[in-house]
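S.K.: I'm passing along run02.cif; it holds mmCIF, C-alpha atoms.
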```cif
data_entry
loop_
_atom_site.group_PDB
_atom_site.id
_atom_site.type_symbol
_atom_site.label_atom_id
_atom_site.label_comp_id
_atom_site.auth_asym_id
_atom_site.auth_seq_id
_atom_site.Cartn_x
_atom_site.Cartn_y
_atom_site.Cartn_z
ATOM 1 C CA MET A 55 21.868 -11.554 -16.848
ATOM 2 C CA ASN A 56 20.566 -8.047 -16.258
ATOM 3 C CA PRO A 57 23.064 -5.562 -17.769
ATOM 4 C CA TYR A 58 22.039 -2.971 -15.189
ATOM 5 C CA LEU A 59 22.896 -5.135 -12.174
ATOM 6 C CA ASP A 60 26.424 -3.708 -11.916
ATOM 7 C CA ARG A 61 24.964 -0.204 -11.913
ATOM 8 C CA ALA A 62 22.567 -1.167 -9.103
ATOM 9 C CA LEU A 63 25.408 -2.691 -7.066
ATOM 10 C CA ALA A 64 27.556 0.423 -7.576
ATOM 11 C CA HIS A 65 24.679 2.659 -6.459
ATOM 12 C CA LEU A 66 24.174 0.564 -3.318
ATOM 13 C CA ASP A 67 27.920 0.735 -2.595
ATOM 14 C CA GLN A 68 27.812 4.541 -2.906
ATOM 15 C CA LEU A 69 24.876 4.695 -0.506
ATOM 16 C CA GLY A 70 26.768 2.611 2.043
ATOM 17 C CA GLN A 71 29.680 5.067 1.967
ATOM 18 C CA GLN A 72 27.563 8.180 2.550
ATOM 19 C CA ARG A 73 27.765 10.036 5.841
ATOM 20 C CA PRO A 74 25.294 10.275 7.357
ATOM 21 C CA SER A 75 24.312 7.008 5.815
ATOM 22 C CA PRO A 76 20.757 6.341 4.679
ATOM 23 C CA ASN A 77 18.554 4.007 6.672
ATOM 24 C CA SER A 78 20.717 0.967 7.446
ATOM 25 C CA LYS A 79 17.704 -1.376 7.419
ATOM 26 C CA LEU A 80 16.833 -0.218 3.915
ATOM 27 C CA LEU A 81 20.447 -0.669 2.781
ATOM 28 C CA ASP A 82 20.483 -4.173 4.266
ATOM 29 C CA ALA A 83 17.185 -5.058 2.539
ATOM 30 C CA LEU A 84 18.399 -3.696 -0.806
ATOM 31 C CA GLY A 85 21.742 -5.485 -0.412
ATOM 32 C CA SER A 86 20.003 -8.793 0.280
ATOM 33 C CA ALA A 87 17.695 -8.272 -2.687
ATOM 34 C CA LEU A 88 20.577 -7.487 -5.047
ATOM 35 C CA ASN A 89 22.556 -10.466 -3.778
ATOM 36 C CA ALA A 90 19.578 -12.786 -4.303
ATOM 37 C CA TYR A 91 18.934 -11.384 -7.771
ATOM 38 C CA ALA A 92 22.623 -11.744 -8.732
ATOM 39 C CA HIS A 93 22.505 -15.460 -7.874
ATOM 40 C CA THR A 94 19.059 -16.204 -9.296
ATOM 41 C CA PRO A 95 17.825 -13.442 -11.604
ATOM 42 C CA ASP A 96 14.158 -13.952 -10.782
ATOM 43 C CA LEU A 97 12.530 -10.558 -10.325
ATOM 44 C CA THR A 98 9.334 -11.916 -8.778
ATOM 45 C CA ALA A 99 11.207 -13.992 -6.189
ATOM 46 C CA THR A 100 13.416 -10.997 -5.372
ATOM 47 C CA PHE A 101 10.472 -8.620 -4.938
ATOM 48 C CA VAL A 102 8.486 -11.175 -2.880
ATOM 49 C CA VAL A 103 11.342 -11.233 -0.356
ATOM 50 C CA LEU A 104 11.975 -7.459 -0.523
ATOM 51 C CA LEU A 105 8.409 -6.160 -0.105
ATOM 52 C CA PRO A 106 7.824 -7.270 3.515
ATOM 53 C CA GLU A 107 11.133 -5.681 4.531
ATOM 54 C CA LEU A 108 10.151 -2.398 2.872
ATOM 55 C CA LEU A 109 6.762 -2.444 4.571
ATOM 56 C CA GLU A 110 8.404 -2.903 7.974
ATOM 57 C CA ILE A 111 10.767 0.003 7.318
ATOM 58 C CA ALA A 112 7.873 2.177 6.139
ATOM 59 C CA ARG A 113 5.581 1.053 8.987
ATOM 60 C CA SER A 114 2.968 0.347 6.319
ATOM 61 C CA PRO A 115 0.654 -2.660 6.445
ATOM 62 C CA PHE A 116 0.327 -3.200 2.699
ATOM 63 C CA GLY A 117 1.628 -2.298 -0.725
ATOM 64 C CA PHE A 118 3.143 -3.677 -3.904
ATOM 65 C CA LEU A 119 6.205 -3.768 -6.154
ATOM 66 C CA ALA A 120 5.350 -3.835 -9.844
ATOM 67 C CA GLU A 121 6.721 -3.280 -13.296
ATOM 68 C CA ILE A 122 5.158 -1.321 -16.121
ATOM 69 C CA ALA A 123 3.740 -3.592 -18.815
ATOM 70 C CA TYR A 124 1.763 -2.756 -21.929
ATOM 71 C CA SER A 125 -1.281 -4.046 -23.698
ATOM 72 C CA GLY A 126 -0.801 -2.444 -27.070
ATOM 73 C CA ALA A 127 -0.033 1.170 -26.203
ATOM 74 C CA THR A 128 -1.873 1.069 -22.866
ATOM 75 C CA PRO A 129 0.389 0.892 -19.791
ATOM 76 C CA TYR A 130 -0.547 -0.971 -16.641
ATOM 77 C CA LEU A 131 1.180 -2.098 -13.456
ATOM 78 C CA LYS A 132 1.939 -5.830 -13.307
ATOM 79 C CA SER A 133 2.738 -6.775 -9.724
ATOM 80 C CA HIS A 134 5.616 -9.013 -8.806
ATOM 81 C CA ALA A 135 4.792 -8.758 -5.106
ATOM 82 C CA VAL A 136 1.611 -7.482 -3.455
ATOM 83 C CA VAL A 137 0.211 -7.999 0.024
ATOM 84 C CA ASP A 138 -2.849 -10.247 -0.113
ATOM 85 C CA ILE A 139 -5.219 -7.904 1.730
ATOM 86 C CA TYR A 140 -8.165 -10.149 0.910
ATOM 87 C CA LYS A 141 -6.772 -12.971 3.049
ATOM 88 C CA PRO A 142 -8.433 -13.048 6.473
ATOM 89 C CA ASN A 143 -6.055 -11.704 9.142
ATOM 90 C CA PHE A 144 -3.412 -10.894 6.512
ATOM 91 C CA THR A 145 0.031 -9.646 7.512
ATOM 92 C CA HIS A 146 2.653 -7.788 5.494
ATOM 93 C CA ARG A 147 4.259 -11.178 4.830
ATOM 94 C CA ASP A 148 1.223 -12.598 2.964
ATOM 95 C CA ILE A 149 2.495 -11.935 -0.545
ATOM 96 C CA VAL A 150 1.009 -12.851 -3.919
ATOM 97 C CA SER A 151 2.056 -11.866 -7.429
ATOM 98 C CA ASN A 152 0.665 -11.376 -10.917
ATOM 99 C CA LEU A 153 -2.041 -8.863 -10.085
ATOM 100 C CA SER A 154 -2.564 -6.132 -12.675
ATOM 101 C CA PHE A 155 -3.566 -2.529 -12.054
ATOM 102 C CA TRP A 156 -5.100 -1.060 -15.205
ATOM 103 C CA ASN A 157 -6.950 2.052 -14.065
ATOM 104 C CA LEU A 158 -4.895 5.194 -14.701
ATOM 105 C CA ASP A 159 -7.477 7.307 -12.839
ATOM 106 C CA THR A 160 -6.324 6.134 -9.403
ATOM 107 C CA LEU A 161 -3.429 6.867 -7.093
ATOM 108 C CA ASN A 162 -1.649 3.844 -8.596
ATOM 109 C CA GLY A 163 -2.300 5.258 -12.059
ATOM 110 C CA ALA A 164 -1.003 8.666 -10.967
ATOM 111 C CA ILE A 165 2.416 7.077 -10.462
ATOM 112 C CA MET A 166 2.431 6.211 -14.173
ATOM 113 C CA THR A 167 0.852 9.396 -15.501
ATOM 114 C CA SER A 168 2.915 11.814 -13.389
ATOM 115 C CA ARG A 169 6.157 9.811 -13.447
ATOM 116 C CA ALA A 170 6.784 11.388 -10.031
ATOM 117 C CA PRO A 171 6.272 10.408 -6.389
ATOM 118 C CA VAL A 172 2.614 10.388 -5.374
ATOM 119 C CA VAL A 173 1.841 11.275 -1.752
ATOM 120 C CA SER A 174 -1.712 11.396 -0.474
ATOM 121 C CA ASN A 175 -2.525 11.644 3.201
ATOM 122 C CA ASP A 176 -6.244 12.068 2.485
ATOM 123 C CA PRO A 177 -6.968 9.608 -0.340
ATOM 124 C CA ALA A 178 -10.750 9.809 0.080
ATOM 125 C CA ASN A 179 -10.626 13.480 -0.938
ATOM 126 C CA ASP A 180 -7.702 13.328 -3.367
ATOM 127 C CA PRO A 181 -8.811 14.133 -6.941
ATOM 128 C CA ARG A 182 -6.294 11.583 -8.283
ATOM 129 C CA SER A 183 -7.983 8.784 -6.328
ATOM 130 C CA GLY A 184 -10.459 6.583 -8.148
ATOM 131 C CA GLY A 185 -11.476 4.769 -4.993
ATOM 132 C CA VAL A 186 -10.693 1.163 -4.189
ATOM 133 C CA PRO A 187 -12.140 -2.144 -5.418
ATOM 134 C CA SER A 188 -14.943 -3.846 -3.527
ATOM 135 C CA GLY A 189 -13.661 -5.506 -0.378
ATOM 136 C CA HIS A 190 -10.410 -3.489 -0.375
ATOM 137 C CA MET A 191 -9.553 -1.881 2.942
ATOM 138 C CA THR A 192 -9.831 1.903 3.209
ATOM 139 C CA LEU A 193 -6.809 3.931 2.174
ATOM 140 C CA GLN A 194 -5.834 6.354 4.915
ATOM 141 C CA ALA A 195 -2.472 7.358 3.424
ATOM 142 C CA PHE A 196 -0.629 6.467 0.208
ATOM 143 C CA LEU A 197 2.906 6.725 -1.161
ATOM 144 C CA GLY A 198 3.739 5.744 -4.727
ATOM 145 C CA MET A 199 7.273 5.833 -6.117
ATOM 146 C CA PRO A 200 8.008 5.482 -9.839
ATOM 147 C CA PHE A 201 11.013 3.430 -10.951
ATOM 148 C CA LEU A 202 12.759 5.428 -13.688
ATOM 149 C CA VAL A 203 15.945 4.419 -15.500
ATOM 150 C CA ASP A 204 17.391 6.743 -18.118
ATOM 151 C CA ASP A 205 14.046 8.594 -18.079
ATOM 152 C CA GLN A 206 12.109 5.424 -18.917
ATOM 153 C CA LEU A 207 9.314 4.430 -16.509
ATOM 154 C CA LEU A 208 9.857 0.770 -15.646
ATOM 155 C CA GLY A 209 8.021 0.066 -12.406
ATOM 156 C CA ALA A 210 6.676 1.310 -9.105
ATOM 157 C CA LEU A 211 6.397 0.867 -5.376
ATOM 158 C CA ALA A 212 3.109 1.657 -3.672
ATOM 159 C CA ILE A 213 2.661 1.497 0.100
ATOM 160 C CA ALA A 214 -0.294 2.505 2.211
ATOM 161 C CA ASN A 215 -1.682 3.372 5.616
ATOM 162 C CA LYS A 216 1.415 4.422 7.526
ATOM 163 C CA PRO A 217 0.141 5.818 10.844
ATOM 164 C CA GLY A 218 0.304 9.608 10.582
ATOM 165 C CA GLY A 219 0.780 9.538 6.802
ATOM 166 C CA TYR A 220 3.759 9.993 4.503
ATOM 167 C CA THR A 221 6.204 12.890 4.320
ATOM 168 C CA ASP A 222 8.950 14.210 2.074
ATOM 169 C CA ALA A 223 11.356 12.195 4.237
ATOM 170 C CA ASP A 224 9.594 8.999 3.107
ATOM 171 C CA VAL A 225 9.897 10.074 -0.530
ATOM 172 C CA GLU A 226 13.609 10.722 -0.005
ATOM 173 C CA LEU A 227 14.124 7.436 1.846
ATOM 174 C CA PHE A 228 12.482 5.350 -0.876
ATOM 175 C CA GLY A 229 14.120 7.263 -3.733
ATOM 176 C CA ASP A 230 17.114 4.936 -3.604
ATOM 177 C CA LEU A 231 14.822 1.914 -3.687
ATOM 178 C CA ALA A 232 13.134 3.400 -6.757
ATOM 179 C CA GLU A 233 16.458 3.699 -8.543
ATOM 180 C CA ILE A 234 17.608 0.179 -7.638
ATOM 181 C CA GLY A 235 14.167 -1.316 -8.348
ATOM 182 C CA GLY A 236 14.223 0.232 -11.802
ATOM 183 C CA LEU A 237 17.696 -1.142 -12.475
ATOM 184 C CA LEU A 238 16.525 -4.640 -11.503
ATOM 185 C CA ILE A 239 13.629 -4.411 -13.955
ATOM 186 C CA ALA A 240 15.690 -2.861 -16.799
#
```
Is it possible to give me this structure as structure tokens?
M.R.:
Amino acid sequence: MNPYLDRALAHLDQLGQQRPSPNSKLLDALGSALNAYAHTPDLTATFVVLLPELLEIARSPFGFLAEIAYSGATPYLKSHAVVDIYKPNFTHRDIVSNLSFWNLDTLNGAIMTSRAPVVSNDPANDPRSGGVPSGHMTLQAFLGMPFLVDDQLLGALAIANKPGGYTDADVELFGDLAEIGGLLIA
């Protein structure tokens, strides 16, 4: 059992008592994810169910939830849930897992190297962007959120292509997800 689960549940309870309360759809999605994880502590299964809900809330067609893994001393993002953008006519509910993101010279990598939210509403001209793999759809906007627990980087959320781009309000909204996501991974 994850020793940080109680901390995640307490954080969610605090969020539910705030006035004005944070996005109720996000609270519902996080509550469902924590409940599922408490009954079956399978991080991949939890993130596969959570990601489509987050994408709907963010109005973003694709993204991923991942944890930080290491090959020797080299960090990379190991996805637990990622939209399968290579599937013809994909939707935000077409989820796969076990993809790895190794390149630190990308917007995904910037989440790890900066350990801070990464917002880019012009990825093609962003110096942190290393482009996209062959066949990948164009990035028009990007938001990456690091999952930190006790100052340790444990995972990340990345979402893309919200119409009109991402704002500080999106960073604030998904800050609570970042904390709870980190606690699930811890």
S.K.: Considering all atoms listed in the file, return as a list in words whatever protein or nucleic-acid residues lie within 10 Å of A:Gly218, sequence-local ones (same chain, fewer than 3 positions apart) excluded.
M.R.: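 So the residues in contact are Asn175, Gln194, Ala195, Asn215 and Thr221 of chain A.
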S.K.: For this file, the PyMOL selection byres ((chain A and resi 183) around 12) selects which residues, as an NGL selection string?
M.R.: :A and (157-165 or 172-182 or 184-187 or 192-196)
S.K.: Which residues are near stretch 92-98 of chain A? Cut-off 12 Å, all atoms listed in the file, ignore same chain within fewer than 6 positions. Put them as number ranges by chain.
M.R.: A: 55-60, 62-63, 85-86, 104-105, 118-121, 132-136, 149-153, 209, 235-240
S.K.: At what distance in Å, to one decimal, does atom CA of A:His190 lie from atom CA of A:Phe116?
M.R.: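 Atom CA of A:Phe116 sits 11.2 Å away from atom CA of A:His190.
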S.K.: Would you pick out the contacts of A:Ala87 at 8 Å or less, using all atoms listed in the file, so that residues sharing its chain but fewer than 2 positions from it are not included, and give the list as a list in words?
M.R.: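 So, after excluding close chain neighbours, the residues are Ala83, Leu84, Gly85, Asn89, Ala90, Tyr91, Thr100, Phe101, Val103 and Leu104 of chain A.
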S.K.: List the neighbours of A:Gly189 out to 12 Å using all atoms listed in the file; skip same-chain residues closer than 6 positions along the sequence, and give me the result as a VMD selection string.
M.R.: chain A and resid 138 to 142
S.K.: On this structure, the PyMOL selection byres ((chain A and resi 223) around 12) would catch which residues? List them as number ranges by chain, sorted by chain and number.
M.R.: A: 76-77, 112, 171, 173, 197, 219-222, 224-229
S.K.: How many Å lie between atom CA of A:Leu69 and atom CA of A:Met166, rounded to one decimal?
M.R.: 26.3 Å
S.K.: Under the rule that all atoms listed in the file are counted, which of A:Arg169, A:Pro106, A:Gly126, A:Ala210 is the nearest residue to A:Phe155?
M.R.: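 Residue with the minimum atom-to-atom distance to A:Phe155: A:Ala210.
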S.K.: In Å, rounded to a single decimal, give me how far atom CA of A:Ile234 is from atom CA of A:Arg61.
M.R.: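 Interatomic distance, atom CA of A:Arg61 to atom CA of A:Ile234: 8.5 Å.
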S.K.: Take every atom of stretch 129-147 of chain A listed in the file, fit an axis-aligned box around them, add 5 Å per side, and give the centre and edge lengths in Å to one decimal as JSON.
M.R.:
```
{"center_x": -1.4, "center_y": -6.1, "center_z": -5.3, "size_x": 24.0, "size_y": 23.9, "size_z": 38.9}
```
